[in-house]
file my_file19.csv (CSV, C-alpha atoms)
chain,number,residue,atom,x,y,z
N,80,MET,CA,98.1,127.5,100.4
N,81,GLN,CA,99.2,130.8,99.1
N,82,GLY,CA,100.3,131.1,95.5
N,83,MET,CA,97.9,128.4,94.3
N,84,SER,CA,94.8,128.9,92.2
N,85,GLU,CA,91.5,127.7,93.5
N,86,GLN,CA,91.7,124.7,91.2
N,87,GLU,CA,95.1,123.7,92.6
N,88,GLN,CA,93.9,124.1,96.1
N,89,ALA,CA,90.9,121.9,95.4
N,90,MET,CA,93.2,119.3,93.9
N,91,VAL,CA,95.4,119.4,97.0
N,92,LYS,CA,92.4,119.0,99.3
N,93,MET,CA,91.2,116.1,97.2
N,94,MET,CA,94.6,114.4,97.4
N,95,TYR,CA,94.7,114.8,101.2
N,96,ALA,CA,91.2,113.4,101.5
N,97,ALA,CA,92.1,110.4,99.3
N,98,MET,CA,95.2,109.7,101.5
N,99,GLU,CA,93.0,109.6,104.6
N,100,SER,CA,90.7,107.0,103.2
N,101,CYS,CA,91.1,103.4,104.4
N,102,PRO,CA,91.2,101.8,100.9
N,103,VAL,CA,94.0,104.1,99.8
N,104,LYS,CA,96.0,103.6,103.0
N,105,THR,CA,95.6,99.9,102.7
N,106,VAL,CA,96.7,99.8,99.1
N,107,MET,CA,99.7,102.2,99.8
N,108,ALA,CA,100.8,100.1,102.8
N,109,GLY,CA,100.5,96.9,100.7
N,110,GLY,CA,102.5,98.4,97.9
N,111,MET,CA,105.2,99.8,100.1
N,112,GLY,CA,105.3,96.5,102.0
N,113,PHE,CA,105.7,94.6,98.7
N,114,ALA,CA,108.6,96.9,97.6
N,115,LEU,CA,110.3,96.7,101.0
N,116,GLY,CA,109.8,92.9,101.2
N,117,GLY,CA,111.2,92.5,97.7
N,118,ALA,CA,114.4,94.4,98.6
N,119,PHE,CA,114.7,92.5,101.8
N,120,GLY,CA,114.2,89.1,100.1
N,121,LEU,CA,116.7,90.0,97.4
N,122,PHE,CA,119.2,91.0,100.1
N,123,MET,CA,118.6,87.8,102.2
N,124,ALA,CA,118.8,85.6,99.1
N,125,SER,CA,122.1,87.2,98.1
N,126,MET,CA,123.5,86.3,101.6
N,127,SER,CA,122.4,82.7,101.3
N,128,TYR,CA,125.3,80.3,101.4
N,129,ASP,CA,125.0,77.0,99.6
N,130,SER,CA,127.6,74.6,100.9
N,131,THR,CA,129.2,72.0,98.7
N,132,PHE,CA,128.8,69.6,101.7
N,133,THR,CA,125.1,69.2,101.0
N,134,PRO,CA,123.7,67.2,98.1
N,135,GLN,CA,122.1,70.2,96.5
N,136,GLY,CA,125.3,72.2,96.9
N,137,ARG,CA,127.3,69.5,95.2
N,138,GLU,CA,124.8,69.3,92.4
N,139,ILE,CA,125.0,73.0,91.7
N,140,ALA,CA,128.8,73.1,92.0
N,141,ASN,CA,129.1,70.5,89.2
N,142,LEU,CA,127.1,72.6,86.8
N,143,PRO,CA,128.6,75.0,84.2
N,144,TRP,CA,129.2,78.5,85.5
N,145,ARG,CA,126.4,80.0,83.4
N,146,GLU,CA,123.8,77.5,84.7
N,147,GLN,CA,125.0,78.2,88.3
N,148,VAL,CA,124.4,81.9,87.8
N,149,ARG,CA,121.0,81.3,86.1
N,150,ARG,CA,119.8,79.1,89.0
N,151,GLY,CA,121.2,81.6,91.5
N,152,PHE,CA,119.2,84.5,89.9
N,153,LYS,CA,116.1,82.3,89.6
N,154,ASP,CA,116.4,81.5,93.4
N,155,MET,CA,116.9,85.1,94.3
N,156,GLY,CA,113.8,86.1,92.2
N,157,SER,CA,111.6,83.5,93.8
N,158,ARG,CA,112.8,84.4,97.4
N,159,SER,CA,112.4,88.1,96.7
N,160,PHE,CA,108.9,87.6,95.4
N,161,SER,CA,107.9,85.5,98.4
N,162,SER,CA,109.2,88.1,100.9
N,163,ALA,CA,107.5,90.9,98.9
N,164,LYS,CA,104.2,89.1,98.9
N,165,ASN,CA,104.4,88.4,102.6
N,166,PHE,CA,105.4,91.9,103.6
N,167,GLY,CA,102.7,93.3,101.3
N,168,ILE,CA,100.0,91.2,102.9
N,169,VAL,CA,101.1,92.1,106.4
N,170,GLY,CA,101.3,95.8,105.6
N,171,ALA,CA,97.9,95.9,103.9
N,172,LEU,CA,96.2,93.8,106.6
N,173,TYR,CA,97.6,95.8,109.5
N,174,SER,CA,97.1,99.2,107.9
N,175,GLY,CA,93.5,98.4,106.8
N,176,THR,CA,92.6,97.0,110.2
N,177,GLU,CA,94.1,100.0,112.1
N,178,CYS,CA,92.3,102.5,109.8
N,179,CYS,CA,89.0,100.7,110.2
N,180,ILE,CA,89.4,100.6,114.0
N,181,GLU,CA,90.4,104.3,114.0
N,182,GLY,CA,87.3,105.2,112.0
N,183,LEU,CA,85.0,103.2,114.3
N,184,ARG,CA,86.5,104.6,117.5
N,185,ALA,CA,87.0,108.1,116.1
N,186,LYS,CA,90.3,108.3,118.1
N,187,ASN,CA,93.9,108.1,117.2
N,188,ASP,CA,95.7,106.5,120.1
N,189,LEU,CA,97.8,103.5,121.2
N,190,THR,CA,94.7,101.2,121.5
N,191,ASN,CA,94.1,101.3,117.8
N,192,SER,CA,97.6,99.9,117.0
N,193,VAL,CA,97.3,97.3,119.7
N,194,ALA,CA,93.9,96.1,118.5
N,195,ALA,CA,95.0,96.1,114.9
N,196,GLY,CA,98.2,94.2,115.8
N,197,CYS,CA,96.2,91.6,117.7
N,198,ILE,CA,93.7,91.1,114.8
N,199,THR,CA,96.5,91.0,112.2
N,200,GLY,CA,98.6,88.5,114.3
N,201,GLY,CA,95.6,86.4,114.9
N,202,ILE,CA,94.6,86.2,111.3
N,203,LEU,CA,98.2,85.4,110.2
N,204,GLY,CA,98.5,82.6,112.8
N,205,ALA,CA,95.0,81.2,112.3
N,206,LYS,CA,96.1,78.6,109.7
N,207,ALA,CA,98.3,76.9,112.3
N,208,GLY,CA,95.6,76.6,114.9
N,209,PRO,CA,94.1,78.5,117.9
N,210,SER,CA,97.2,78.5,120.0
N,211,ALA,CA,99.3,80.0,117.1
N,212,ALA,CA,96.5,82.6,116.5
N,213,ALA,CA,96.6,83.6,120.2
N,214,ALA,CA,100.4,83.8,120.1
N,215,GLY,CA,100.3,85.8,116.9
N,216,CYS,CA,97.8,88.1,118.4
N,217,ALA,CA,99.8,88.7,121.6
N,218,GLY,CA,103.1,89.0,119.7
N,219,PHE,CA,101.9,91.4,117.0
N,220,ALA,CA,100.0,93.5,119.5
N,221,ALA,CA,103.1,93.8,121.8
N,222,PHE,CA,105.3,94.7,118.8
N,223,SER,CA,102.7,97.2,117.6
N,224,ALA,CA,102.4,98.8,121.0
N,225,ALA,CA,106.1,99.1,121.4
N,226,ILE,CA,106.6,100.7,117.9
N,227,ASP,CA,103.6,103.1,118.3
N,228,ALA,CA,104.6,104.1,121.8
N,229,TYR,CA,108.1,104.9,120.6
N,230,MET,CA,106.8,106.9,117.6
N,231,ARG,CA,104.5,108.9,119.9
N,232,MET,CA,107.3,109.9,122.2
N,233,PRO,CA,108.0,113.6,122.1
N,234,SER,CA,111.3,114.4,120.4
N,235,ASP,CA,114.1,116.4,122.1
N,236,SER,CA,113.4,119.5,119.9
N,237,ASP,CA,109.8,119.8,121.2
call {"tool": "encode", "arguments": {"input": "my_file19.csv", "output": "structure tokens"}}
result
Amino acid sequence: MQGMSEQEQAMVKMMYAAMESCPVKTVMAGGMGFALGGAFGLFMASMSYDSTFTPQGREIANLPWREQVRRGFKDMGSRSFSSAKNFGIVGALYSGTECCIEGLRAKNDLTNSVAAGCITGGILGAKAGPSAAAAGCAGFAAFSAAIDAYMRMPSDSD
């Protein structure tokens, strides 16, 4: 950290330490998940196709243009917020769990992400019953393992 005063170096060290803490990682993952989920929900809502062959589609088609646009934007906003909330919850839950497991084990390996994935999937599926919790655990653990294994692969430039 050449070219920095002692005060600037202390500030950089403090910021690095804060970014390594589990509460900060959890909040950051939740916030980033919320932002990504909002963008994803907005995109998916804009791709929605309301057919005039359905009763709801016929009702909307008979409204004035301004009311159709207002309802469309309202629907996009509610879908976007719903996706944002879900992505934020999943991001915060997974990140917080993985950080706690890493702190307890004092290791950074594939086992942390698999265990965090299982716990996260189990919690998310628990409302639907034990079989859904088990399926959520297995599915999220497998997905976490695949992503983490891919991210840990050495690049061609190494």
call {"tool": "closest_residue", "arguments": {"input": "my_file19.csv", "among": "N:Ser236, N:Ser192, N:Gln135, N:Ser174", "to": "Ala221 of chain N", "atoms": "only C-alpha atoms"}}
result
N:Ser192
call {"tool": "atom_distance", "arguments": {"input": "my_file19.csv", "atom1": "atom CA of Gly120 of chain N", "atom2": "atom CA of Ala163 of chain N"}}
result
7.0 Å
call {"tool": "atom_distance", "arguments": {"input": "my_file19.csv", "atom1": "atom CA of Met126 of chain N", "atom2": "atom CA of Gly112 of chain N"}}
result
20.9 Å
call {"tool": "residues_around", "arguments": {"input": "my_file19.csv", "residues": "segment 166-170 of chain N", "least_positions_apart": "3", "cutoff": "7 Å", "atoms": "only C-alpha atoms", "output": "list of chain:residue names"}}
result
N:Ala108, N:Gly109, N:Gly110, N:Gly112, N:Phe113, N:Gly116, N:Ser162, N:Ala163, N:Tyr173, N:Ser174
call {"tool": "write_last_selection", "arguments": {"input": "my_file19.csv", "atoms": "C-alpha atoms", "output": "mmCIF file, in the frame of the given file"}}
result
data_model
loop_
_atom_site.group_PDB
_atom_site.id
_atom_site.type_symbol
_atom_site.label_atom_id
_atom_site.label_comp_id
_atom_site.auth_asym_id
_atom_site.auth_seq_id
_atom_site.Cartn_x
_atom_site.Cartn_y
_atom_site.Cartn_z
ATOM 1 C CA ALA N 108 100.800 100.100 102.800
ATOM 2 C CA GLY N 109 100.500 96.900 100.700
ATOM 3 C CA GLY N 110 102.500 98.400 97.900
ATOM 4 C CA GLY N 112 105.300 96.500 102.000
ATOM 5 C CA PHE N 113 105.700 94.600 98.700
ATOM 6 C CA GLY N 116 109.800 92.900 101.200
ATOM 7 C CA SER N 162 109.200 88.100 100.900
ATOM 8 C CA ALA N 163 107.500 90.900 98.900
ATOM 9 C CA TYR N 173 97.600 95.800 109.500
ATOM 10 C CA SER N 174 97.100 99.200 107.900
#
call {"tool": "residues_around", "arguments": {"input": "my_file19.csv", "residues": "Ile226 of chain N", "least_positions_apart": "6", "cutoff": "12 Å", "atoms": "all atoms listed in the file", "output": "ChimeraX atom specification"}}
result
/N:189,192-193,196,219-220,232
call {"tool": "closest_residue", "arguments": {"input": "my_file19.csv", "among": "N:Ser125, N:Thr133, N:Ser84, N:Asn187", "to": "Gly156 of chain N", "atoms": "all atoms listed in the file"}}
result
N:Ser125
call {"tool": "decode", "arguments": {"input": "my_file19.csv", "residues": "segment 154-197 of chain N", "atoms": "N, CA and C atoms", "output": "short mmCIF file (atom, residue, chain, number, x, y, z; two decimals), in the first residue's frame"}}
result
data_model
loop_
_atom_site.label_atom_id
_atom_site.label_comp_id
_atom_site.auth_asym_id
_atom_site.auth_seq_id
_atom_site.Cartn_x
_atom_site.Cartn_y
_atom_site.Cartn_z
N ASP N 154 -48.37 -4.17 -12.55
CA ASP N 154 -48.05 -5.60 -12.54
C ASP N 154 -46.54 -5.82 -12.62
N MET N 155 -45.86 -5.05 -13.45
CA MET N 155 -44.41 -5.18 -13.56
C MET N 155 -43.74 -4.84 -12.23
N GLY N 156 -44.22 -3.82 -11.56
CA GLY N 156 -43.66 -3.43 -10.27
C GLY N 156 -43.85 -4.50 -9.22
N SER N 157 -45.04 -5.09 -9.16
CA SER N 157 -45.29 -6.12 -8.14
C SER N 157 -44.49 -7.38 -8.43
N ARG N 158 -44.39 -7.76 -9.70
CA ARG N 158 -43.58 -8.95 -10.04
C ARG N 158 -42.10 -8.70 -9.77
N SER N 159 -41.65 -7.51 -10.10
CA SER N 159 -40.25 -7.16 -9.87
C SER N 159 -39.92 -7.19 -8.39
N PHE N 160 -40.79 -6.63 -7.56
CA PHE N 160 -40.56 -6.62 -6.11
C PHE N 160 -40.59 -8.04 -5.55
N SER N 161 -41.50 -8.87 -6.05
CA SER N 161 -41.59 -10.25 -5.57
C SER N 161 -40.30 -11.01 -5.88
N SER N 162 -39.81 -10.88 -7.11
CA SER N 162 -38.56 -11.55 -7.48
C SER N 162 -37.38 -10.99 -6.69
N ALA N 163 -37.37 -9.68 -6.51
CA ALA N 163 -36.28 -9.05 -5.76
C ALA N 163 -36.24 -9.57 -4.34
N LYS N 164 -37.40 -9.65 -3.72
CA LYS N 164 -37.48 -10.14 -2.34
C LYS N 164 -37.00 -11.59 -2.24
N ASN N 165 -37.43 -12.43 -3.18
CA ASN N 165 -37.03 -13.84 -3.15
C ASN N 165 -35.53 -14.01 -3.39
N PHE N 166 -34.98 -13.31 -4.37
CA PHE N 166 -33.55 -13.40 -4.64
C PHE N 166 -32.75 -12.87 -3.46
N GLY N 167 -33.22 -11.79 -2.86
CA GLY N 167 -32.53 -11.23 -1.70
C GLY N 167 -32.50 -12.19 -0.53
N ILE N 168 -33.63 -12.84 -0.27
CA ILE N 168 -33.70 -13.81 0.83
C ILE N 168 -32.76 -14.98 0.57
N VAL N 169 -32.80 -15.52 -0.64
CA VAL N 169 -31.94 -16.66 -0.97
C VAL N 169 -30.47 -16.26 -0.86
N GLY N 170 -30.12 -15.11 -1.40
CA GLY N 170 -28.72 -14.65 -1.34
C GLY N 170 -28.23 -14.46 0.08
N ALA N 171 -29.04 -13.80 0.89
CA ALA N 171 -28.64 -13.55 2.28
C ALA N 171 -28.57 -14.85 3.07
N LEU N 172 -29.55 -15.72 2.89
CA LEU N 172 -29.58 -16.98 3.63
C LEU N 172 -28.38 -17.86 3.26
N TYR N 173 -28.11 -18.00 1.97
CA TYR N 173 -27.00 -18.84 1.54
C TYR N 173 -25.66 -18.25 1.98
N SER N 174 -25.47 -16.97 1.73
CA SER N 174 -24.19 -16.34 2.06
C SER N 174 -23.92 -16.36 3.55
N GLY N 175 -24.93 -16.04 4.34
CA GLY N 175 -24.76 -16.06 5.80
C GLY N 175 -24.45 -17.45 6.32
N THR N 176 -25.15 -18.45 5.78
CA THR N 176 -24.92 -19.83 6.20
C THR N 176 -23.52 -20.29 5.82
N GLU N 177 -23.12 -20.00 4.59
CA GLU N 177 -21.79 -20.42 4.15
C GLU N 177 -20.70 -19.73 4.97
N CYS N 178 -20.88 -18.46 5.27
CA CYS N 178 -19.89 -17.73 6.05
C CYS N 178 -19.78 -18.31 7.46
N CYS N 179 -20.90 -18.63 8.07
CA CYS N 179 -20.88 -19.22 9.42
C CYS N 179 -20.20 -20.59 9.41
N ILE N 180 -20.51 -21.40 8.40
CA ILE N 180 -19.89 -22.72 8.30
C ILE N 180 -18.38 -22.58 8.10
N GLU N 181 -17.99 -21.65 7.24
CA GLU N 181 -16.56 -21.41 7.00
C GLU N 181 -15.86 -20.97 8.28
N GLY N 182 -16.52 -20.13 9.06
CA GLY N 182 -15.95 -19.69 10.33
C GLY N 182 -15.82 -20.82 11.33
N LEU N 183 -16.82 -21.69 11.38
CA LEU N 183 -16.78 -22.82 12.31
C LEU N 183 -15.73 -23.85 11.92
N ARG N 184 -15.62 -24.12 10.62
CA ARG N 184 -14.67 -25.14 10.16
C ARG N 184 -13.26 -24.58 9.98
N ALA N 185 -13.13 -23.28 9.85
CA ALA N 185 -11.84 -22.62 9.60
C ALA N 185 -11.18 -23.15 8.33
N LYS N 186 -12.02 -23.44 7.34
CA LYS N 186 -11.55 -23.90 6.03
C LYS N 186 -12.40 -23.24 4.96
N ASN N 187 -11.81 -23.09 3.78
CA ASN N 187 -12.55 -22.57 2.63
C ASN N 187 -12.46 -23.62 1.54
N ASP N 188 -13.44 -24.53 1.50
CA ASP N 188 -13.43 -25.59 0.52
C ASP N 188 -14.85 -25.87 0.01
N LEU N 189 -14.96 -26.88 -0.83
CA LEU N 189 -16.23 -27.25 -1.46
C LEU N 189 -17.27 -27.70 -0.44
N THR N 190 -16.84 -28.27 0.66
CA THR N 190 -17.77 -28.76 1.69
C THR N 190 -18.62 -27.63 2.25
N ASN N 191 -18.05 -26.45 2.40
CA ASN N 191 -18.80 -25.32 2.93
C ASN N 191 -19.99 -24.98 2.04
N SER N 192 -19.75 -24.90 0.73
CA SER N 192 -20.83 -24.52 -0.17
C SER N 192 -21.89 -25.61 -0.27
N VAL N 193 -21.48 -26.88 -0.22
CA VAL N 193 -22.45 -27.97 -0.26
C VAL N 193 -23.31 -27.96 1.00
N ALA N 194 -22.70 -27.80 2.16
CA ALA N 194 -23.46 -27.76 3.41
C ALA N 194 -24.38 -26.54 3.46
N ALA N 195 -23.87 -25.39 3.03
CA ALA N 195 -24.70 -24.18 3.01
C ALA N 195 -25.85 -24.33 2.03
N GLY N 196 -25.60 -24.95 0.89
CA GLY N 196 -26.66 -25.20 -0.08
C GLY N 196 -27.72 -26.12 0.47
N CYS N 197 -27.31 -27.16 1.16
CA CYS N 197 -28.26 -28.10 1.75
C CYS N 197 -29.12 -27.40 2.81
#
